[in-house]
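Undergrad: Dropping in model_14.cif, which is mmCIF, C-alpha atoms:
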```
data_query
#
loop_
_atom_site.label_atom_id
_atom_site.label_comp_id
_atom_site.auth_asym_id
_atom_site.auth_seq_id
_atom_site.Cartn_x
_atom_site.Cartn_y
_atom_site.Cartn_z
CA MET A 853 27.48 7.51 -16.10
CA LYS A 854 29.57 4.70 -17.59
CA LYS A 855 32.76 6.45 -16.56
CA GLY A 856 31.52 6.89 -12.99
CA SER A 857 30.37 3.30 -12.74
CA THR A 858 33.71 2.01 -14.05
CA ALA A 859 35.63 4.09 -11.54
CA ALA A 860 33.45 2.85 -8.73
CA THR A 861 33.97 -0.75 -9.82
CA LYS A 862 37.75 -0.38 -9.94
CA GLN A 863 37.87 1.21 -6.51
CA SER A 864 35.55 -1.44 -5.05
CA ARG A 865 38.10 -4.08 -5.98
CA ASN A 866 40.55 -2.38 -3.64
CA PHE A 867 38.17 -2.62 -0.67
CA SER A 868 39.38 -4.99 2.00
CA GLN A 869 37.04 -7.61 3.42
CA GLN A 870 36.05 -5.25 6.22
CA ARG A 871 32.41 -4.60 7.03
CA LEU A 872 31.16 -1.77 4.83
CA THR A 873 28.04 0.33 5.31
CA ILE A 874 26.49 1.98 2.27
CA GLY A 875 23.82 4.63 1.99
CA LEU A 876 21.99 4.66 -1.35
CA ASP A 877 19.77 7.62 -2.27
CA LEU A 878 17.67 6.49 -5.23
CA GLY A 879 16.79 8.83 -8.07
CA ASP A 880 14.75 8.27 -11.20
CA ARG A 881 17.69 8.25 -13.62
CA SER A 882 20.75 8.24 -11.37
CA SER A 883 21.39 7.53 -7.71
CA TRP A 884 24.06 8.58 -5.24
CA TYR A 885 25.77 6.19 -2.84
CA CYS A 886 28.17 6.69 0.07
CA VAL A 887 30.44 3.94 1.41
CA LEU A 888 31.64 3.97 5.05
CA ASP A 889 34.30 1.70 6.50
CA GLU A 890 34.19 0.10 9.95
CA ALA A 891 35.55 3.27 11.56
CA GLY A 892 32.80 5.41 9.99
CA GLU A 893 35.16 7.11 7.53
CA ILE A 894 33.92 7.87 4.00
CA VAL A 895 35.65 5.52 1.58
CA LEU A 896 33.78 6.42 -1.59
CA GLU A 897 31.00 8.70 -2.79
CA GLN A 898 29.80 8.14 -6.31
CA ARG A 899 26.84 8.31 -8.70
CA VAL A 900 25.39 5.21 -10.33
CA GLY A 901 22.70 4.81 -12.96
CA THR A 902 19.34 3.63 -11.64
CA THR A 903 19.29 0.58 -13.91
CA PRO A 904 19.74 -3.13 -13.11
CA LYS A 905 22.91 -3.31 -15.23
CA ALA A 906 24.62 -0.36 -13.52
CA MET A 907 23.61 -1.58 -10.05
CA ARG A 908 25.05 -5.02 -10.74
CA GLU A 909 28.32 -3.59 -12.05
CA VAL A 910 28.87 -1.42 -8.97
CA PHE A 911 27.50 -3.44 -6.07
CA GLY A 912 28.22 -6.89 -7.52
CA ALA A 913 31.97 -6.22 -7.23
CA MET A 914 31.75 -5.13 -3.58
CA PRO A 915 32.09 -7.45 -0.58
CA ARG A 916 28.96 -8.25 1.42
CA SER A 917 27.84 -4.95 2.92
CA ARG A 918 24.96 -3.35 4.75
CA ILE A 919 23.08 -1.13 2.28
CA ALA A 920 20.39 1.32 3.36
CA LEU A 921 17.92 2.96 0.98
CA GLU A 922 14.60 4.76 1.32
CA THR A 923 11.20 3.58 0.18
CA GLY A 924 10.22 4.94 -3.22
CA MET A 925 9.38 4.11 -6.81
CA HIS A 926 12.53 2.04 -7.46
CA SER A 927 13.12 0.61 -3.99
CA PRO A 928 11.26 -2.74 -4.54
CA TRP A 929 13.34 -3.97 -7.47
CA VAL A 930 16.59 -2.41 -6.22
CA SER A 931 16.24 -4.07 -2.80
CA ARG A 932 15.56 -7.46 -4.42
CA LEU A 933 18.56 -7.06 -6.76
CA LEU A 934 20.93 -6.09 -3.93
CA SER A 935 19.70 -9.01 -1.82
CA GLU A 936 20.41 -11.38 -4.72
CA LEU A 937 23.97 -10.01 -4.79
CA GLY A 938 24.39 -11.09 -1.16
CA HIS A 939 24.13 -7.73 0.59
CA GLU A 940 22.19 -6.98 3.77
CA VAL A 941 19.52 -4.55 2.57
CA ILE A 942 17.64 -2.16 4.85
CA VAL A 943 14.70 -0.30 3.30
CA ALA A 944 14.05 2.79 5.41
CA HIS A 945 10.56 4.20 5.85
CA ALA A 946 10.88 7.56 4.07
CA ARG A 947 8.17 9.24 6.18
CA SER A 948 9.79 8.16 9.42
CA VAL A 949 13.36 9.34 8.71
CA ARG A 950 12.75 12.98 9.61
CA LEU A 951 16.49 13.65 9.79
CA ILE A 952 16.47 13.43 5.98
CA GLY A 953 12.99 14.63 5.03
CA GLU A 954 13.09 17.80 7.16
CA SER A 955 16.76 18.65 6.71
CA ARG A 956 17.57 22.24 5.71
CA ARG A 957 20.61 21.00 3.77
CA LYS A 958 19.09 18.38 1.53
CA ASP A 959 20.60 16.91 -1.61
CA ASP A 960 21.23 13.41 -2.94
CA ARG A 961 24.84 13.26 -1.74
CA LEU A 962 24.05 14.31 1.84
CA ASP A 963 20.98 12.03 1.96
CA ALA A 964 23.12 9.03 1.00
CA ARG A 965 25.67 9.98 3.65
CA THR A 966 22.96 10.30 6.33
CA LEU A 967 21.45 6.92 5.38
CA ALA A 968 24.85 5.27 5.69
CA ARG A 969 25.56 6.77 9.11
CA LEU A 970 22.12 5.86 10.49
CA ALA A 971 22.48 2.29 9.20
CA ARG A 972 25.93 2.02 10.78
CA ILE A 973 24.75 3.24 14.20
CA ASP A 974 21.40 1.41 14.52
CA PRO A 975 19.23 0.13 11.63
CA GLN A 976 16.10 0.50 13.78
CA LEU A 977 16.49 4.29 13.50
CA LEU A 978 15.49 3.88 9.86
CA CYS A 979 12.14 2.21 10.74
CA PRO A 980 12.87 -0.57 8.21
CA VAL A 981 10.09 -1.98 6.05
CA LYS A 982 9.83 -5.23 4.10
CA HIS A 983 9.00 -5.16 0.40
CA ARG A 984 6.80 -7.87 -1.06
CA SER A 985 8.11 -10.51 -3.46
CA ALA A 986 8.24 -10.01 -7.22
CA LYS A 987 5.28 -12.36 -7.81
CA ALA A 988 3.11 -10.63 -5.22
CA GLN A 989 4.00 -7.25 -6.70
CA ALA A 990 3.14 -8.45 -10.21
CA ASP A 991 -0.23 -9.83 -9.07
CA LEU A 992 -0.95 -6.69 -7.08
CA THR A 993 -0.19 -4.64 -10.20
CA VAL A 994 -3.30 -6.14 -11.81
CA ILE A 995 -5.42 -4.81 -8.95
CA ARG A 996 -3.73 -1.40 -8.99
CA ALA A 997 -4.22 -1.14 -12.76
CA ARG A 998 -7.94 -1.83 -12.31
CA ALA A 999 -8.09 0.85 -9.60
CA GLY A 1000 -6.52 3.32 -12.02
CA LEU A 1001 -9.24 2.59 -14.59
CA VAL A 1002 -11.94 3.01 -11.95
CA ARG A 1003 -10.56 6.43 -11.01
CA ALA A 1004 -10.38 7.41 -14.68
CA ARG A 1005 -13.98 6.29 -15.28
CA THR A 1006 -15.20 8.27 -12.28
CA ALA A 1007 -13.47 11.40 -13.57
CA LEU A 1008 -14.97 10.95 -17.05
CA VAL A 1009 -18.48 10.37 -15.69
CA ASN A 1010 -18.24 13.45 -13.48
CA THR A 1011 -17.07 15.45 -16.48
CA ALA A 1012 -19.99 14.29 -18.62
CA ARG A 1013 -22.56 15.00 -15.92
CA GLY A 1014 -21.07 18.40 -15.13
CA LEU A 1015 -21.07 19.47 -18.78
CA ALA A 1016 -24.70 18.40 -19.19
CA LYS A 1017 -25.83 20.22 -16.04
CA SER A 1018 -24.03 23.41 -17.04
CA TYR A 1019 -26.08 23.33 -20.23
CA GLY A 1020 -29.32 22.97 -18.26
CA GLU A 1021 -29.84 19.27 -19.01
CA ARG A 1022 -29.17 15.94 -17.30
CA LEU A 1023 -27.93 12.52 -18.38
CA ARG A 1024 -30.37 9.64 -17.93
CA GLY A 1025 -29.44 7.06 -15.30
CA CYS A 1026 -26.89 7.25 -12.52
CA ASN A 1027 -25.17 3.85 -12.72
CA VAL A 1028 -21.62 4.43 -13.95
CA ARG A 1029 -21.31 0.77 -15.01
CA ASN A 1030 -24.02 1.24 -17.65
CA MET A 1031 -22.94 4.66 -18.92
CA ASN A 1032 -22.95 4.56 -22.74
CA PRO A 1033 -23.85 6.80 -25.74
CA GLU A 1034 -27.51 5.78 -25.43
CA LYS A 1035 -27.73 7.86 -22.23
CA ALA A 1036 -27.39 10.98 -24.38
CA GLU A 1037 -30.45 10.27 -26.53
CA GLY A 1038 -32.67 12.59 -24.50
CA LEU A 1039 -30.28 15.53 -24.74
CA SER A 1040 -30.37 18.37 -27.24
CA PRO A 1041 -28.67 17.60 -30.58
CA VAL A 1042 -25.77 19.97 -29.91
CA LEU A 1043 -25.02 18.52 -26.49
CA GLN A 1044 -25.58 14.98 -27.71
CA ALA A 1045 -22.98 15.39 -30.46
CA ALA A 1046 -20.49 16.79 -27.95
CA LEU A 1047 -20.90 14.07 -25.31
CA GLU A 1048 -21.31 10.90 -27.38
CA PRO A 1049 -17.53 10.36 -27.87
CA LEU A 1050 -16.99 10.89 -24.13
CA LEU A 1051 -19.74 8.41 -23.23
CA ALA A 1052 -18.28 5.91 -25.71
CA ALA A 1053 -14.92 6.21 -23.94
CA ILE A 1054 -16.63 5.58 -20.59
CA GLU A 1055 -18.27 2.46 -22.00
CA ALA A 1056 -14.88 1.21 -23.27
CA VAL A 1057 -13.26 1.80 -19.87
CA SER A 1058 -16.11 -0.09 -18.16
CA GLU A 1059 -15.49 -3.03 -20.48
CA GLN A 1060 -11.79 -3.02 -19.54
CA ILE A 1061 -12.74 -2.98 -15.85
CA ARG A 1062 -14.98 -6.02 -16.37
CA GLU A 1063 -12.06 -7.84 -18.00
CA TYR A 1064 -9.86 -6.98 -15.02
CA ASN A 1065 -12.57 -8.32 -12.69
CA GLU A 1066 -12.48 -11.65 -14.51
CA ARG A 1067 -8.68 -11.76 -14.34
CA ILE A 1068 -8.76 -11.08 -10.61
CA GLU A 1069 -11.32 -13.85 -10.04
CA THR A 1070 -9.21 -16.29 -12.06
CA LEU A 1071 -6.04 -15.27 -10.24
CA ALA A 1072 -7.67 -15.80 -6.85
CA GLN A 1073 -9.01 -19.23 -7.77
CA GLN A 1074 -5.78 -20.51 -9.31
CA SER A 1075 -3.07 -19.06 -7.06
CA TYR A 1076 -4.61 -17.90 -3.78
CA PRO A 1077 -6.98 -20.45 -2.18
CA GLN A 1078 -6.81 -18.43 1.09
CA VAL A 1079 -9.21 -15.96 -0.53
CA ALA A 1080 -12.05 -18.38 0.21
CA LEU A 1081 -11.29 -18.15 3.94
CA LEU A 1082 -11.59 -14.37 3.93
CA LYS A 1083 -14.71 -14.32 1.76
CA GLN A 1084 -16.59 -16.11 4.53
CA VAL A 1085 -17.20 -12.63 5.97
CA LYS A 1086 -20.19 -11.10 4.20
CA GLY A 1087 -19.11 -7.77 2.78
CA VAL A 1088 -15.68 -9.07 1.77
CA GLY A 1089 -15.44 -9.97 -1.89
CA THR A 1090 -12.63 -11.28 -4.03
CA LEU A 1091 -11.15 -7.81 -4.59
CA ILE A 1092 -10.87 -6.98 -0.88
CA ALA A 1093 -9.66 -10.46 0.08
CA LEU A 1094 -7.00 -10.71 -2.63
CA THR A 1095 -5.75 -7.17 -2.02
CA PHE A 1096 -5.49 -7.97 1.68
CA LEU A 1097 -3.46 -11.13 1.00
CA LEU A 1098 -1.09 -9.53 -1.50
CA THR A 1099 -0.50 -6.40 0.56
CA LEU A 1100 0.37 -8.27 3.75
CA GLU A 1101 1.82 -11.29 1.86
CA ASP A 1102 3.20 -12.99 4.99
CA PRO A 1103 0.65 -13.31 7.82
CA HIS A 1104 3.30 -14.43 10.32
CA ARG A 1105 5.16 -11.12 10.14
CA PHE A 1106 2.72 -9.88 12.78
CA GLY A 1107 2.99 -11.07 16.36
CA LYS A 1108 -0.77 -10.80 16.83
CA SER A 1109 -3.73 -9.99 14.63
CA ARG A 1110 -4.37 -6.66 16.34
CA ASP A 1111 -1.10 -5.34 14.91
CA VAL A 1112 -2.66 -5.35 11.43
CA GLY A 1113 -4.90 -2.39 12.32
CA CYS A 1114 -1.84 -0.31 13.23
CA TYR A 1115 0.01 -1.47 10.11
CA LEU A 1116 -2.81 -0.22 7.88
CA GLY A 1117 -3.12 3.14 9.63
CA LEU A 1118 -6.55 2.46 11.13
CA GLN A 1119 -5.36 3.03 14.69
CA PRO A 1120 -5.67 6.51 16.29
CA GLY A 1121 -2.40 8.38 16.59
CA ARG A 1122 -0.89 9.00 20.00
CA ARG A 1123 0.81 12.13 21.32
CA ASN A 1124 0.71 11.76 25.10
CA SER A 1125 2.87 14.11 27.14
CA GLY A 1126 2.54 14.44 30.91
CA GLN A 1127 -1.14 14.76 31.79
CA SER A 1128 -2.09 15.65 28.21
CA GLN A 1129 -3.67 12.81 26.22
CA PRO A 1130 -5.34 14.44 23.19
CA GLN A 1131 -7.69 12.43 20.99
CA MET A 1132 -5.99 12.01 17.62
CA HIS A 1133 -7.17 11.04 14.15
CA ILE A 1134 -6.12 7.69 12.67
CA SER A 1135 -2.50 7.64 11.52
CA LYS A 1136 -3.34 6.75 7.86
CA GLU A 1137 -0.02 4.94 7.53
CA GLY A 1138 0.35 1.85 5.42
CA ASP A 1139 -1.36 1.07 2.12
CA PRO A 1140 -4.08 3.67 1.35
CA TYR A 1141 -5.88 1.54 -1.27
CA LEU A 1142 -6.33 -1.44 1.05
CA ARG A 1143 -7.49 0.93 3.79
CA THR A 1144 -10.10 2.33 1.39
CA LEU A 1145 -11.34 -1.16 0.51
CA LEU A 1146 -11.66 -2.13 4.17
CA VAL A 1147 -13.68 1.02 4.85
CA GLN A 1148 -15.97 0.10 1.95
CA GLY A 1149 -16.38 -3.38 3.44
CA ALA A 1150 -17.22 -1.84 6.82
CA GLN A 1151 -19.81 0.43 5.19
CA HIS A 1152 -21.52 -2.62 3.69
CA ILE A 1153 -21.46 -4.49 7.02
CA LEU A 1154 -23.06 -1.54 8.84
CA GLY A 1155 -25.35 -0.63 5.96
CA PRO A 1156 -28.92 -1.77 5.24
CA PHE A 1157 -27.78 -4.87 3.35
CA GLY A 1158 -25.33 -6.13 6.00
CA ILE A 1159 -26.23 -9.43 7.67
CA ASP A 1160 -26.57 -9.79 11.43
CA CYS A 1161 -23.16 -10.59 12.94
CA ASP A 1162 -20.98 -9.72 15.91
CA LEU A 1163 -19.09 -7.13 13.88
CA ARG A 1164 -22.29 -5.39 12.76
CA ARG A 1165 -23.75 -5.35 16.27
CA TRP A 1166 -20.54 -3.93 17.70
CA GLY A 1167 -20.32 -1.23 15.05
CA LEU A 1168 -23.95 -0.16 15.36
CA LYS A 1169 -23.65 -0.01 19.14
CA LEU A 1170 -20.60 2.22 18.73
CA ALA A 1171 -22.49 4.46 16.29
CA GLU A 1172 -25.36 4.85 18.76
CA ARG A 1173 -23.09 6.79 21.08
CA GLY A 1174 -23.75 9.69 18.77
CA GLY A 1175 -21.54 12.71 18.72
CA LYS A 1176 -20.54 14.88 15.84
CA SER A 1177 -18.90 12.07 13.87
CA GLY A 1178 -20.35 8.97 15.56
CA LYS A 1179 -21.22 7.12 12.35
CA LYS A 1180 -17.87 7.90 10.71
CA ARG A 1181 -15.93 6.75 13.75
CA ALA A 1182 -17.96 3.56 13.87
CA ILE A 1183 -17.14 2.81 10.22
CA ILE A 1184 -13.40 3.33 10.76
CA ALA A 1185 -13.44 1.25 13.94
CA THR A 1186 -15.34 -1.52 12.15
CA ALA A 1187 -12.81 -1.43 9.30
CA ARG A 1188 -10.01 -1.90 11.84
CA LYS A 1189 -11.80 -4.85 13.46
CA LEU A 1190 -12.47 -6.27 10.00
CA ALA A 1191 -8.73 -6.22 9.22
CA VAL A 1192 -8.02 -8.00 12.51
CA LEU A 1193 -10.72 -10.60 11.77
CA LEU A 1194 -9.42 -11.29 8.26
CA HIS A 1195 -5.89 -11.81 9.54
CA HIS A 1196 -7.14 -14.18 12.24
CA LEU A 1197 -9.08 -16.25 9.69
CA TRP A 1198 -6.04 -16.31 7.41
CA VAL A 1199 -3.68 -17.57 10.12
CA SER A 1200 -6.04 -19.99 11.86
CA GLY A 1201 -8.01 -21.30 8.87
CA GLU A 1202 -11.11 -21.43 11.04
CA VAL A 1203 -14.69 -21.51 9.82
CA TYR A 1204 -16.20 -18.07 10.34
CA GLU A 1205 -19.13 -17.88 12.75
CA PRO A 1206 -20.93 -14.54 12.35
CA LEU A 1207 -22.50 -14.68 15.83
CA HIS A 1208 -19.72 -16.47 17.69
CA ASN A 1209 -19.44 -13.95 20.55
CA SER A 1210 -23.21 -13.54 20.90
CA SER A 1211 -23.78 -17.29 21.10
CA ARG A 1212 -21.07 -17.64 23.74
CA THR A 1213 -22.68 -14.87 25.79
CA LYS A 1214 -26.08 -16.59 25.67
CA VAL A 1215 -24.58 -19.90 26.79
CA ALA A 1216 -22.81 -18.20 29.68
CA ALA A 1217 -26.03 -16.42 30.70
CA ALA A 1218 -28.02 -19.66 30.57
CA ALA A 1219 -25.45 -21.41 32.76
#
```
Kindly return the structure encoded in the file as structure tokens.
TA:
Amino acid sequence: MKKGSTAATKQSRNFSQQRLTIGLDLGDRSSWYCVLDEAGEIVLEQRVGTTPKAMREVFGAMPRSRIALETGMHSPWVSRLLSELGHEVIVAHARSVRLIGESRRKDDRLDARTLARLARIDPQLLCPVKHRSAKAQADLTVIRARAGLVRARTALVNTARGLAKSYGERLRGCNVRNMNPEKAEGLSPVLQAALEPLLAAIEAVSEQIREYNERIETLAQQSYPQVALLKQVKGVGTLIALTFLLTLEDPHRFGKSRDVGCYLGLQPGRRNSGQSQPQMHISKEGDPYLRTLLVQGAQHILGPFGIDCDLRRWGLKLAERGGKSGKKRAIIATARKLAVLLHHLWVSGEVYEPLHNSSRTKVAAAA
């Protein structure tokens, strides 16, 4: 890899100051890039190590260029590094570039060449996305690490319960937060000896999750005062509010609040053709974890413990329409409206009025 990088660096010094377009196909250990000149001719095709040092050696010696790469594991830090070097970076939405994903002749070299040609013709063909800043990514990592522990705890609890049931017995209690070796006291000695280490591991994971909860609360209080604006909505806690802020990062990237529902994949897909307008499922694009949290918030708002508010009334009225999946559709629709409401509160800084629309309707009726 050193030999390839050195050769690429030497050749890049011979590039004139013409406008170059580069397609970069990222791999875990090495990546392939293709350089096009202004006429669309291939100037250089070369491998480069997927490390900060190798990237700086190769692309730091090149004139300011347009570089296109796909979203993936390494795209956040690579895009930030290339931007620091002065290049125009376009991060293509990997799911939207079907010319690459569904190609019958697919390899790293051809993918880099296709990225370069699409970026040279029209960057909008790549459906470009914007990566969050390094600080936002680091803070969001805390939330994602907690989510990983929650998934691991759920898997361990299901394992323990399944093993006990297969033996004809049951663990006491159903609260996963209080699962510990004491829950095995009523089991037979053989089963108790087998499950105690597993229950001890569950208890240790729960303790780590509690520590993460404290870190998230501290992070929200010290660095993100906007969380308080979003927590005005009952059913939205610190976890949902902070995840919403860090995922979107810049509220002004959206022209209107309703665009947030589409961004998070909570809007029904559309495939209209002629007189055919089929009813589609939601697109499920965007961040799946934030979408899950918003659905959980919507379930609380529509559930037995939700307070009376415009959002709850609207959702319950939608659920009353019935149908095969009336309640599920109402929850998803409420989650979409919740995302729109949170963005509006974030941008405007207004005080949340739970019954704002209902009060306005009563005043209009009285007049």
Undergrad: Quick one: of A:Val1199, A:Ile1054, A:Leu1118, A:Leu970, who's nearest to A:His1104, counting only C-alpha atoms?
TA: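 That would be A:Val1199, the residue with the smallest distance to A:His1104.
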Undergrad: Just the number, please: distance in Å from atom CA of A:Arg1110 to atom CA of A:Ile1159, one decimal.
TA: 23.7 Å
Undergrad: Using Å and a single decimal, report how far atom CA of A:Ala1187 sits from atom CA of A:Val1147.
TA: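 Between these atoms lies a distance of 5.2 Å.
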Undergrad: Using the chain letters and numbers from the file, which residues does the PyMOL selection byres ((chain A and resi 951) around 10) grab, as an mmCIF file with C-alpha atoms, in the coordinates of the input?
TA:
```cif
data_model
loop_
_atom_site.group_PDB
_atom_site.id
_atom_site.type_symbol
_atom_site.label_atom_id
_atom_site.label_comp_id
_atom_site.auth_asym_id
_atom_site.auth_seq_id
_atom_site.Cartn_x
_atom_site.Cartn_y
_atom_site.Cartn_z
ATOM 1 C CA SER A 948 9.790 8.160 9.420
ATOM 2 C CA VAL A 949 13.360 9.340 8.710
ATOM 3 C CA ARG A 950 12.750 12.980 9.610
ATOM 4 C CA ILE A 952 16.470 13.430 5.980
ATOM 5 C CA GLY A 953 12.990 14.630 5.030
ATOM 6 C CA GLU A 954 13.090 17.800 7.160
ATOM 7 C CA SER A 955 16.760 18.650 6.710
ATOM 8 C CA ARG A 956 17.570 22.240 5.710
ATOM 9 C CA LYS A 958 19.090 18.380 1.530
ATOM 10 C CA ASP A 963 20.980 12.030 1.960
ATOM 11 C CA THR A 966 22.960 10.300 6.330
ATOM 12 C CA LEU A 967 21.450 6.920 5.380
ATOM 13 C CA LEU A 970 22.120 5.860 10.490
ATOM 14 C CA LEU A 978 15.490 3.880 9.860
#
```
Undergrad: So, counting only C-alpha atoms, which residue among A:Leu933, A:Ala1150, A:Val887, A:Leu1163 is closest to A:Arg961?
TA: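 Answer, going by the shortest atom-to-atom distance: A:Val887.
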Undergrad: Report the distance between atom CA of A:Gln1119 and atom CA of A:Ile1183 in Å, rounded to one decimal place.
TA: 12.6 Å
Undergrad: Which residue is closest to A:Glu1055? Choose from A:Asn1032, A:Gln898, A:Thr1099, A:Ser1177 and count all atoms listed in the file.
TA: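 Answer, going by the shortest atom-to-atom distance: A:Asn1032.
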Undergrad: So, with only C-alpha atoms as the atoms that count, which of A:Ala1182, A:Leu1097, A:Leu1193, A:Leu1145 lies closest to A:Ser1109?
TA: A:Leu1193
Undergrad: For A:Thr923, which residue among A:Leu937, A:Cys1161, A:Ile942, A:Leu1050 is the nearest when counting only C-alpha atoms?
TA: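 Closest residue, counting only C-alpha atoms: A:Ile942.
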Undergrad: Counting all atoms listed in the file, which residues come within 9 Å of (-1.3, 7.7, 14.2), with the point read in the file's coordinates, and could you list them as a ChimeraX atom specification?
TA: /A:1114,1117-1123,1132-1137
Undergrad: Which one is closest to A:Leu921: A:Arg957, A:Arg1105, A:Lys982, A:Arg908? Count all atoms listed in the file.
TA: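 Once distances to A:Leu921 are computed over all atoms listed in the file, the minimum belongs to A:Lys982.
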Undergrad: Apply the PyMOL selection byres ((chain A and resi 1154) around 10) to the structure shown and report the selected residues as a list in words.
TA: Gly1087, Gly1149, Ala1150, Gln1151, His1152, Ile1153, Gly1155, Pro1156, Phe1157, Gly1158, Ile1159, Asp1160, Cys1161, Leu1163, Arg1164, Arg1165, Trp1166, Gly1167, Leu1168, Ala1171, Lys1179, Ala1182, Ile1183 and Thr1186 of chain A
Undergrad: Find the residues around stretch 1069-1083 of chain A up to 6 Å (all atoms listed in the file counted), leave out those fewer than 5 positions away in its own chain, and share them as number ranges by chain.
TA: A: 1088-1089, 1093, 1194
Undergrad: Could you state which residues are captured by the PyMOL selection byres ((chain A and resi 1027-1029) around 7) in this file, as a short mmCIF file (atom, residue, chain, number, x, y, z; two decimals) with C-alpha atoms, in the coordinates of the input?
TA:
```cif
data_model
loop_
_atom_site.label_atom_id
_atom_site.label_comp_id
_atom_site.auth_asym_id
_atom_site.auth_seq_id
_atom_site.Cartn_x
_atom_site.Cartn_y
_atom_site.Cartn_z
CA VAL A 1009 -18.48 10.37 -15.69
CA GLY A 1025 -29.44 7.06 -15.30
CA CYS A 1026 -26.89 7.25 -12.52
CA ASN A 1030 -24.02 1.24 -17.65
CA MET A 1031 -22.94 4.66 -18.92
CA SER A 1058 -16.11 -0.09 -18.16
#
```
